[in-house]
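Trainee: Please read through the structure below; I'll follow up with questions.
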Amino acid sequence: MRTPCYFVPMNTTFQRKIEILPESVKHMIAAGEVVQGPFSVIKELVENSIDADAASIDIMTEDAGLSCIRVIDDGRGIPKDQITLSIVEHATSKIRSISDIESISSYGFRGEALSSIASVSHLTISSRTSDEEAGARLRCVFGESTVEEYLGARGTSVLVEELFFNTPARKKFLKSLQGESRNSLRAVTSLALARPGIAFRYTCDGKILYDCTPVSSVSERIAQLFGKKEMPHLLAGDIADIEVKISGVISDGSLHKPTRGGQYFFVNNRPVENSSFSFHVRRAYDSILANGRHPLAYIYITLPPGLADVNVHPAKREIRFFDEAYIGSLICSFCRSLLDRTFTIQLHNTVKAAEPDPSEPGVSAEVIPPPDVMYRNEYRSTVEERESPYAQSHPFLPRINRGTVSAEQDLFRSPVMGGRASAAFDYESLRIFGTLFATYVLAASDDDLMIIDFHAAHERILYDRLMRADGACESQLLMMPQQIHFSPQQRAFVSEVLEILAGAGFDVELFSDESFVVRAVPGILHLDESEKFFDDLLEQSSEGSSFLLDKKKLVFERIACHSAKRAGDHMNNEDLRELLRILSSGNHELRCPHGRPFIFKLSRGELEKYFSRRV
């Protein structure tokens with residue numbers, strides 16, 4: 001343990017202003033910079049453990065960390081004659097001189113972390129070094145500290161209780177328990193990815209989310225944290241240019257998410273936040289992914305410490321580079337190099353497979369013309385449309401168990417659940433023209449033009465029916481059971497949601513600690529959507545802590561989403577008429593279960609105003 005050094009702020013005017021404040025207020029200012037929430041406490045404590053050369057780190061939280069945070073490591077420990085210095089403001093053991101700031105290799109160096117945490121919580125530090133028979137335990141409550149002998153194992157244990165107990169106003173600025181749990185999970189995930197050679201165990205409210213043994217590669221740590229299912233779609237590699245090296249793992253074009261939550265960035269193994277990094281990653285996928293979709297990315301930037309300033313943010317989450325545009329271009333080049341390599345291999349294999357076999361003359365590739373997806377007129381309905389196999393095998397309103405209640409009674413006997421239904425429109429006066437872009441229904445009355453997103457509308461209808469029937473559905477057996485894999489952090493969510501799935505027509509059971517088997521799915525669910533349904537459901541739980549989710553509502557939403565007609569699906573005239581007839585009843589809110597409106601109405605007056613016509 002290095003001897004602590006003390007620093008005086010460079011701005012002496014600011015220092016004089018601070019000195020006239022009460023001591024407790026000065027501590028609050030320092031705490032405000034470092035302790036933004038439970039996640040920042042976890043981050044600071046785990047970083048201290050890493051700097052102490054810990055091989056194993058155990059993190060436990062209760063009530064999203066507000067009641068209790070405990071971090072235990074097997075690192076070097078704090079000498080008992082220095083433990084009181086650990087909570088002294090501006091004290092640090094990680095640098096010896098001012099010049100060390102120019103080449104910082106440790107995670108922390110400022111010295112405010114433990115001091116700030118102690119000012120807004122009940123703090124207990126227990127530590128022993130390997131050359132001490134007995135260590136020391138420090139307790140700090142209300143600014144008063146006591147020290148006693150500690151006979152525990154080598155390493156350090158830090159217990160933080162009643163966070164923000166003396167600053168109730170700060171609690172008002174915290175997120176919900178679910179939001180704070182999500183932030184803490186993200187912090188632990190980032191640190192576990194930063195140091196795959198360290199064992200991490202993370203327990204939240206008695207439930208183990210992570211239990212990672214040391215591994216030798218980032219890919220192995222990704223599999224530990226997120227499961228093995230996505231591994232075949234991940235690409236690993238590295239590039240180097242003079243003093244900067246970019247390495248890591250990204251997803252191929254077939255694996256993407258609706259948010260950037262699957263992207264992690266590290267500079268010299270320090271987790272950082274930088275929105276421009278995500279931008280440069282997305283640039284590499286411009287010709288591959290649709291707008292609104294984002295790849296997975298675990299990007300590691302290695303460069304000399306002097307080329308990056310880690311002191312621009314109190315919590316050290318942001319870093320300033322000697323040339324950020326240059327770093328961004330390297331990140332984009334790294335991603336493109338991996339994607340180009342994979343695309344070239346796939347293209348080569350595709351062309352090779354498509355080449356006709358000279359031993360079989362007459363073989364030629366079948367060219368299928370693209371469908372007419374731009375516009376379909378109501379009067380172009382044909383016998384094939386009315387008697388399509390899709391319509392016969394999967395009618396627009398699939399069967400949901402309702403006991404002795406008829407379909408019409410069940411559908412219209414009560415307002416939509418969760419809110420008042422929207423006012424009905426006059427179905428009889430509507431003229432249906434067909435579909436636009438194979439996504440929207442075009443219809444008009446004498447005074448209005450209506451554009452309806454038929455997927456979202458169908459989703460709302462199915463969701464309301466599921467809610468009224470409490471999810472009871474007829475089941476359809478799968479010809480081959482499906483094995484669904486889940487990550488360790490999703491284990492608690494899966495165990496709680498299996499019963500809901502069984503009540504909704506699924507036949508599911510646990511197969512192992514990392515997978516369950518599906519033998520039947522609800523009759524309303526598209527068979528080719530069943531695997532996507534489970535991927536989507538598990539992804540929802542991964543966005544953050546799932547303990548507070550309304551799991552039944554989430555399951556019904558996902559069933560409705562993956563059972564509803566999708567953009568590009570065939571919609572014959574009977575389907576369109578039935579859809580609008582049901583929506584016109586006024587018994588359904590004109591928004592999908594996720595809250596998106598699905599009807600756009602343009603009045604005749606608005607059109608005439610746009611074209612500068614006089615009424």
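To be explicit about the labels: the chains of the structure tokens are called A, B, and onward in the order shown, and within each one the residues are counted from 1, while ligands get numbers from 1 in the order they are shown.
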Can you list, as a compact mmCIF listing (two decimals) with C-alpha atoms, in the first residue's frame, every protein, DNA or RNA residue that comes within 12 Å of A:Glu132 when you count only C-alpha atoms, leaving out same-chain residues fewer than 4 positions away?

Mentor:
```txt
# COMPACT_ATOMS: atom_id res chain seq x y z
CA ARG A 76 -3.87 -7.02 -1.07
CA GLY A 77 -5.88 -5.41 1.69
CA ILE A 78 -5.32 -2.15 3.59
CA PRO A 79 -2.66 -2.06 6.32
CA LYS A 80 -4.34 -1.55 9.67
CA ASP A 81 -2.27 1.53 10.44
CA SER A 127 -9.43 -5.47 5.76
CA ARG A 128 -6.32 -7.53 6.37
CA ALA A 136 -8.65 -3.70 11.18
CA GLU A 149 -9.35 -5.55 15.37
CA TYR A 150 -10.38 -7.74 12.43
CA LEU A 151 -9.42 -11.44 12.14
CA GLY A 152 -11.02 -12.21 8.80
CA ALA A 153 -9.54 -13.48 5.55
CA ARG A 154 -6.95 -11.60 3.51
CA GLY A 155 -8.53 -8.90 1.41
```

Trainee: Run DSSP on the backbone of this structure and report the residues of stretch 21-210 of chain A it assigns to helix (DSSP H, G or I), as a PyMOL selection string.

Mentor: chain A and resi 23-34+38-51+63-65+83-87+98-103+113-119+168-171+177-194
